[in-house]
$ cat data-v6.cif   # mmCIF, C-alpha atoms
data_final
#
loop_
_atom_site.group_PDB
_atom_site.id
_atom_site.type_symbol
_atom_site.label_atom_id
_atom_site.label_comp_id
_atom_site.auth_asym_id
_atom_site.auth_seq_id
_atom_site.Cartn_x
_atom_site.Cartn_y
_atom_site.Cartn_z
ATOM 1 C CA MET A 20 48.169 140.291 145.779
ATOM 2 C CA LYS A 21 51.222 141.785 144.128
ATOM 3 C CA LEU A 22 53.090 140.135 141.251
ATOM 4 C CA TYR A 23 56.757 140.990 140.762
ATOM 5 C CA TYR A 24 57.953 140.550 137.189
ATOM 6 C CA PHE A 25 60.288 141.795 134.540
ATOM 7 C CA GLN A 26 59.312 142.210 130.927
ATOM 8 C CA GLY A 27 59.606 139.105 128.799
ATOM 9 C CA SER A 28 59.955 136.698 131.726
ATOM 10 C CA CYS A 29 57.880 133.650 132.621
ATOM 11 C CA ALA A 30 56.055 135.852 135.145
ATOM 12 C CA LEU A 31 53.680 136.542 132.268
ATOM 13 C CA ALA A 32 52.150 133.098 132.916
ATOM 14 C CA PRO A 33 50.796 133.846 136.428
ATOM 15 C CA HIS A 34 49.934 137.353 135.233
ATOM 16 C CA ILE A 35 47.567 135.820 132.671
ATOM 17 C CA VAL A 36 46.125 133.522 135.334
ATOM 18 C CA LEU A 37 45.470 136.524 137.593
ATOM 19 C CA GLU A 38 43.490 138.034 134.721
ATOM 20 C CA TRP A 39 41.612 134.798 134.042
ATOM 21 C CA VAL A 40 40.520 134.340 137.651
ATOM 22 C CA GLY A 41 39.534 137.993 138.057
ATOM 23 C CA ALA A 42 41.873 138.549 140.991
ATOM 24 C CA ASP A 43 42.411 141.907 142.657
ATOM 25 C CA TYR A 44 46.137 142.387 142.129
ATOM 26 C CA GLU A 45 48.859 144.886 141.340
ATOM 27 C CA LEU A 46 52.012 144.636 139.289
ATOM 28 C CA SER A 47 55.502 145.592 140.361
ATOM 29 C CA GLU A 48 58.094 145.677 137.599
ATOM 30 C CA VAL A 49 61.617 144.701 138.602
ATOM 31 C CA LYS A 50 64.647 145.385 136.440
ATOM 32 C CA ARG A 51 66.526 142.223 135.602
ATOM 33 C CA SER A 52 69.654 143.864 136.991
ATOM 34 C CA ASP A 53 67.914 144.426 140.332
ATOM 35 C CA THR A 54 66.850 140.827 140.976
ATOM 36 C CA ARG A 55 70.082 140.254 142.924
ATOM 37 C CA SER A 56 69.749 143.422 144.966
ATOM 38 C CA PRO A 57 69.524 143.044 148.774
ATOM 39 C CA GLU A 58 65.988 144.452 148.706
ATOM 40 C CA PHE A 59 64.710 141.941 146.153
ATOM 41 C CA LEU A 60 66.569 139.016 147.723
ATOM 42 C CA LYS A 61 64.476 139.586 150.837
ATOM 43 C CA LYS A 62 61.463 138.736 148.668
ATOM 44 C CA ASN A 63 63.116 135.792 146.925
ATOM 45 C CA PRO A 64 66.582 134.588 147.991
ATOM 46 C CA ALA A 65 66.956 132.910 144.583
ATOM 47 C CA GLY A 66 66.817 136.294 142.837
ATOM 48 C CA LYS A 67 64.177 135.198 140.322
ATOM 49 C CA VAL A 68 60.738 136.225 139.128
ATOM 50 C CA PRO A 69 57.876 135.623 139.380
ATOM 51 C CA VAL A 70 57.289 136.425 143.010
ATOM 52 C CA LEU A 71 53.726 136.640 144.262
ATOM 53 C CA GLU A 72 53.203 138.629 147.428
ATOM 54 C CA VAL A 73 50.111 137.471 149.294
ATOM 55 C CA GLU A 74 48.891 139.573 152.182
ATOM 56 C CA GLY A 75 49.171 137.602 155.404
ATOM 57 C CA HIS A 76 51.007 134.734 153.720
ATOM 58 C CA GLY A 77 54.310 136.230 152.591
ATOM 59 C CA TYR A 78 55.845 135.438 149.213
ATOM 60 C CA VAL A 79 55.314 132.570 146.767
ATOM 61 C CA HIS A 80 58.343 131.793 144.569
ATOM 62 C CA GLN A 81 58.925 129.733 141.411
ATOM 63 C CA VAL A 82 56.565 129.825 138.456
ATOM 64 C CA ASN A 83 55.134 126.329 139.051
ATOM 65 C CA ALA A 84 54.393 127.092 142.691
ATOM 66 C CA VAL A 85 52.818 130.456 141.848
ATOM 67 C CA LEU A 86 50.612 128.899 139.162
ATOM 68 C CA GLN A 87 49.481 126.112 141.475
ATOM 69 C CA TYR A 88 48.883 128.559 144.313
ATOM 70 C CA LEU A 89 46.568 130.604 142.113
ATOM 71 C CA ALA A 90 44.723 127.511 140.877
ATOM 72 C CA ASP A 91 44.120 126.469 144.502
ATOM 73 C CA ALA A 92 43.196 129.983 145.627
ATOM 74 C CA PHE A 93 40.571 130.350 142.890
ATOM 75 C CA PRO A 94 39.121 126.845 142.462
ATOM 76 C CA ASP A 95 35.933 128.107 140.788
ATOM 77 C CA ALA A 96 38.017 129.214 137.796
ATOM 78 C CA GLY A 97 38.691 125.544 137.027
ATOM 79 C CA LEU A 98 42.324 126.074 136.061
ATOM 80 C CA GLY A 99 43.814 123.455 138.377
ATOM 81 C CA GLU A 100 43.280 119.846 139.270
ATOM 82 C CA ASP A 101 39.712 118.583 139.499
ATOM 83 C CA GLY A 102 40.288 115.765 141.978
ATOM 84 C CA SER A 103 40.701 113.080 139.340
ATOM 85 C CA GLU A 104 43.877 111.025 139.362
ATOM 86 C CA ASP A 105 44.294 111.307 135.584
ATOM 87 C CA LYS A 106 44.201 115.106 135.585
ATOM 88 C CA ARG A 107 46.492 115.317 138.604
ATOM 89 C CA ARG A 108 49.089 113.148 136.885
ATOM 90 C CA ALA A 109 48.793 115.062 133.612
ATOM 91 C CA MET A 110 49.087 118.411 135.364
ATOM 92 C CA GLN A 111 52.182 117.385 137.315
ATOM 93 C CA ARG A 112 53.773 115.693 134.322
ATOM 94 C CA TRP A 113 53.457 118.750 132.090
ATOM 95 C CA LEU A 114 54.377 121.296 134.759
ATOM 96 C CA SER A 115 57.524 119.287 135.450
ATOM 97 C CA HIS A 116 58.304 118.986 131.750
ATOM 98 C CA PHE A 117 57.718 122.677 131.124
ATOM 99 C CA ASN A 118 59.879 123.801 134.026
ATOM 100 C CA GLY A 119 62.591 121.167 133.920
ATOM 101 C CA ASP A 120 63.043 120.597 130.184
ATOM 102 C CA VAL A 121 61.406 123.231 127.998
ATOM 103 C CA HIS A 122 62.107 126.340 130.087
ATOM 104 C CA THR A 123 65.738 125.401 130.693
ATOM 105 C CA SER A 124 66.327 124.668 127.000
ATOM 106 C CA PHE A 125 65.867 128.377 126.236
ATOM 107 C CA THR A 126 68.367 129.550 128.849
ATOM 108 C CA PRO A 127 71.611 128.955 126.903
ATOM 109 C CA TYR A 128 70.143 130.759 123.894
ATOM 110 C CA PHE A 129 69.116 133.909 125.730
ATOM 111 C CA LEU A 130 71.812 133.941 128.441
ATOM 112 C CA THR A 131 74.714 132.654 126.365
ATOM 113 C CA ARG A 132 77.245 134.638 128.396
ATOM 114 C CA ARG A 133 76.749 132.172 131.230
ATOM 115 C CA PHE A 134 78.015 129.323 129.071
ATOM 116 C CA ALA A 135 80.701 130.772 126.783
ATOM 117 C CA ASP A 136 83.135 133.665 126.462
ATOM 118 C CA SER A 137 84.250 133.939 122.841
ATOM 119 C CA ASP A 138 81.928 134.925 120.017
ATOM 120 C CA GLU A 139 82.613 131.618 118.284
ATOM 121 C CA ALA A 140 81.758 129.594 121.367
ATOM 122 C CA LYS A 141 78.616 131.666 121.959
ATOM 123 C CA GLY A 142 77.502 130.940 118.418
ATOM 124 C CA GLU A 143 77.937 127.216 119.004
ATOM 125 C CA VAL A 144 76.002 127.403 122.276
ATOM 126 C CA ARG A 145 73.109 129.223 120.589
ATOM 127 C CA ALA A 146 73.013 126.695 117.764
ATOM 128 C CA HIS A 147 72.874 123.745 120.154
ATOM 129 C CA ALA A 148 70.274 125.522 122.283
ATOM 130 C CA ALA A 149 68.062 126.232 119.260
ATOM 131 C CA THR A 150 68.181 122.548 118.343
ATOM 132 C CA GLU A 151 67.159 121.524 121.855
ATOM 133 C CA VAL A 152 64.343 124.075 121.972
ATOM 134 C CA ALA A 153 63.007 122.772 118.656
ATOM 135 C CA PHE A 154 63.121 119.213 119.990
ATOM 136 C CA GLN A 155 61.249 120.123 123.166
ATOM 137 C CA LEU A 156 58.603 122.195 121.404
ATOM 138 C CA LYS A 157 57.988 119.416 118.867
ATOM 139 C CA ILE A 158 56.980 117.129 121.746
ATOM 140 C CA ILE A 159 54.320 119.630 122.768
ATOM 141 C CA ASP A 160 53.253 120.348 119.190
ATOM 142 C CA ASP A 161 52.581 116.633 118.703
ATOM 143 C CA HIS A 162 50.632 116.538 121.970
ATOM 144 C CA MET A 163 48.532 119.517 120.870
ATOM 145 C CA ASP A 164 47.337 117.833 117.684
ATOM 146 C CA SER A 165 43.502 118.115 117.692
ATOM 147 C CA ARG A 166 43.605 119.914 121.071
ATOM 148 C CA ASP A 167 42.757 123.516 121.849
ATOM 149 C CA TRP A 168 44.406 123.399 125.295
ATOM 150 C CA MET A 169 47.113 121.331 126.920
ATOM 151 C CA LEU A 170 44.643 119.193 128.877
ATOM 152 C CA GLY A 171 42.051 118.928 126.130
ATOM 153 C CA GLU A 172 38.869 120.992 125.949
ATOM 154 C CA ASP A 173 39.392 123.091 129.068
ATOM 155 C CA ARG A 174 42.113 125.636 129.681
ATOM 156 C CA SER A 175 44.355 125.339 132.741
ATOM 157 C CA ILE A 176 47.379 126.927 134.367
ATOM 158 C CA LEU A 177 49.504 125.043 131.836
ATOM 159 C CA ASP A 178 48.339 127.142 128.918
ATOM 160 C CA PRO A 179 49.705 130.546 129.986
ATOM 161 C CA TYR A 180 53.081 128.922 130.685
ATOM 162 C CA LEU A 181 53.043 127.324 127.235
ATOM 163 C CA PHE A 182 52.120 130.674 125.715
ATOM 164 C CA VAL A 183 55.291 132.181 127.183
ATOM 165 C CA PHE A 184 57.310 129.560 125.302
ATOM 166 C CA THR A 185 55.601 130.469 122.043
ATOM 167 C CA LEU A 186 56.572 134.112 122.589
ATOM 168 C CA TRP A 187 60.163 133.155 123.292
ATOM 169 C CA ALA A 188 60.159 130.959 120.197
ATOM 170 C CA ASP A 189 59.611 134.083 118.086
ATOM 171 C CA PHE A 190 63.269 134.900 118.764
ATOM 172 C CA MET A 191 64.489 131.492 117.579
ATOM 173 C CA PRO A 192 65.734 130.803 114.019
ATOM 174 C CA ASP A 193 62.672 128.749 112.978
ATOM 175 C CA ARG A 194 60.150 130.597 115.161
ATOM 176 C CA LEU A 195 56.985 128.433 115.113
ATOM 177 C CA ASP A 196 57.117 127.789 111.371
ATOM 178 C CA ASN A 197 57.463 124.014 111.769
ATOM 179 C CA LEU A 198 55.021 123.752 114.673
ATOM 180 C CA PRO A 199 51.517 124.336 113.286
ATOM 181 C CA ASN A 200 49.652 123.273 116.414
ATOM 182 C CA LEU A 201 51.633 125.614 118.635
ATOM 183 C CA LYS A 202 51.262 128.429 116.123
ATOM 184 C CA ALA A 203 47.485 127.990 116.161
ATOM 185 C CA PHE A 204 47.514 127.804 119.972
ATOM 186 C CA SER A 205 49.526 131.008 120.215
ATOM 187 C CA MET A 206 47.039 132.811 117.979
ATOM 188 C CA ARG A 207 44.109 131.598 120.122
ATOM 189 C CA MET A 208 45.837 132.892 123.211
ATOM 190 C CA ARG A 209 46.552 136.274 121.624
ATOM 191 C CA ASP A 210 42.840 136.624 120.858
ATOM 192 C CA ASP A 211 41.931 136.076 124.530
ATOM 193 C CA ALA A 212 40.916 139.213 126.437
ATOM 194 C CA GLY A 213 42.811 138.267 129.604
ATOM 195 C CA VAL A 214 45.975 137.487 127.681
ATOM 196 C CA HIS A 215 45.693 140.777 125.792
ATOM 197 C CA SER A 216 45.299 142.664 129.072
ATOM 198 C CA ALA A 217 48.379 140.985 130.564
ATOM 199 C CA LEU A 218 50.465 141.704 127.458
ATOM 200 C CA VAL A 219 49.444 145.340 127.525
ATOM 201 C CA GLY A 220 50.095 145.545 131.247
ATOM 202 C CA GLU A 221 53.682 144.388 130.769
ATOM 203 C CA GLY A 222 54.293 146.615 127.762
ATOM 204 C CA LEU A 223 54.501 143.681 125.371
ATOM 205 C CA LEU A 224 51.847 145.141 123.045
#

$ encode --input "data-v6.cif" --output "structure tokens"
Amino acid sequence: MKLYYFQGSCALAPHIVLEWVGADYELSEVKRSDTRSPEFLKKNPAGKVPVLEVEGHGYVHQVNAVLQYLADAFPDAGLGEDGSEDKRRAMQRWLSHFNGDVHTSFTPYFLTRRFADSDEAKGEVRAHAATEVAFQLKIIDDHMDSRDWMLGEDRSILDPYLFVFTLWADFMPDRLDNLPNLKAFSMRMRDDAGVHSALVGEGLL
């Protein structure tokens, strides 16, 4: 397997999963500016990371799909669904929320140029984005009360994705100062050997 990523992106989530499952994989760093190059678009027409190249099976795109692919490919790791209806619903609910609501709430803050031209307008966009990010993260912080992992006692593919959000939150005005459960979660993740290896591998430590 080969994981295409750029530093600081959500590709860190499947990278951590690859470490957790003990997969034989390699990393291929892509410059953000090259994700729309003809060569990269052959790998993913959407011009996004992560992209997981699987020998004999082509490319897997979109962070949710990559995470679920890895959970299915390494069932013994216990990071995916366990066949129960309750866990299936919880997994799909949170993956959808992460990708559709939380992830997208960060976009106007980090890629403000897509939404405004003047410095004044960009400042307003960032302020509104920071408010939305705080709202979305508070939902998860409340959910994490008395929990070590998103689905309770056992870690899953949700947790590396959530960890990415906690890293991005470090760039926000309030960081994780008002989110004690997420702050504690982020510290637990940083102490994990697989997470540490992924962070080092992407030059984030």

$ resolve_selection --input "data-v6.cif" --expression "the PyMOL selection byres ((chain A and resi 145) around 12)" --output "ChimeraX atom specification"
/A:124-135,138-144,146-152,190-192

$ resolve_selection --input "data-v6.cif" --expression "the PyMOL selection byres ((chain A and resi 30-32) around 7)" --output "NGL selection string"
:A and (24 or 28-29 or 33-36 or 68-69 or 82 or 179-180 or 183)

$ closest_residue --input "data-v6.cif" --among "A:Val214, A:Ala203, A:Leu186, A:Met20" --to "Arg166 (chain A)" --atoms "all atoms listed in the file"
A:Ala203

$ atom_distance --input "data-v6.cif" --atom1 "CA of Gln26 (chain A)" --atom2 "CA of Met208 (chain A)"
18.1 Å

$ resolve_selection --input "data-v6.cif" --expression "the PyMOL selection byres ((chain A and resi 158) around 12)" --output "PDB file with C-alpha atoms, in the frame of the given file"
ATOM      1  CA  TRP A 113      53.457 118.750 132.090  1.00  0.00           C
ATOM      2  CA  HIS A 116      58.304 118.986 131.750  1.00  0.00           C
ATOM      3  CA  PHE A 117      57.718 122.677 131.124  1.00  0.00           C
ATOM      4  CA  ASP A 120      63.043 120.597 130.184  1.00  0.00           C
ATOM      5  CA  VAL A 121      61.406 123.231 127.998  1.00  0.00           C
ATOM      6  CA  GLU A 151      67.159 121.524 121.855  1.00  0.00           C
ATOM      7  CA  VAL A 152      64.343 124.075 121.972  1.00  0.00           C
ATOM      8  CA  ALA A 153      63.007 122.772 118.656  1.00  0.00           C
ATOM      9  CA  PHE A 154      63.121 119.213 119.990  1.00  0.00           C
ATOM     10  CA  GLN A 155      61.249 120.123 123.166  1.00  0.00           C
ATOM     11  CA  LEU A 156      58.603 122.195 121.404  1.00  0.00           C
ATOM     12  CA  LYS A 157      57.988 119.416 118.867  1.00  0.00           C
ATOM     13  CA  ILE A 159      54.320 119.630 122.768  1.00  0.00           C
ATOM     14  CA  ASP A 160      53.253 120.348 119.190  1.00  0.00           C
ATOM     15  CA  ASP A 161      52.581 116.633 118.703  1.00  0.00           C
ATOM     16  CA  HIS A 162      50.632 116.538 121.970  1.00  0.00           C
ATOM     17  CA  MET A 163      48.532 119.517 120.870  1.00  0.00           C
ATOM     18  CA  ASP A 164      47.337 117.833 117.684  1.00  0.00           C
ATOM     19  CA  MET A 169      47.113 121.331 126.920  1.00  0.00           C
ATOM     20  CA  LEU A 198      55.021 123.752 114.673  1.00  0.00           C
ATOM     21  CA  ASN A 200      49.652 123.273 116.414  1.00  0.00           C
ATOM     22  CA  LEU A 201      51.633 125.614 118.635  1.00  0.00           C
TER      23      LEU A 201
END

$ atom_distance --input "data-v6.cif" --atom1 "CA of Arg209 (chain A)" --atom2 "CA of Ala109 (chain A)"
24.5 Å

$ closest_residue --input "data-v6.cif" --among "A:Val40, A:Leu46, A:Leu181, A:Leu114" --to "Gly222 (chain A)" --atoms "only C-alpha atoms"
A:Leu46

$ atom_distance --input "data-v6.cif" --atom1 "CA of Val79 (chain A)" --atom2 "CA of Asp173 (chain A)"
25.6 Å

$ residues_near_point --input "data-v6.cif" --point "(45.6, 115.7, 135.8)" --cutoff "12 Å" --atoms "all atoms listed in the file" --output "number ranges by chain"
A: 98-114, 169-171, 173, 175-177

$ closest_residue --input "data-v6.cif" --among "A:Lys61, A:Asp210, A:Tyr88, A:Gly27" --to "His76 (chain A)" --atoms "all atoms listed in the file"
A:Tyr88
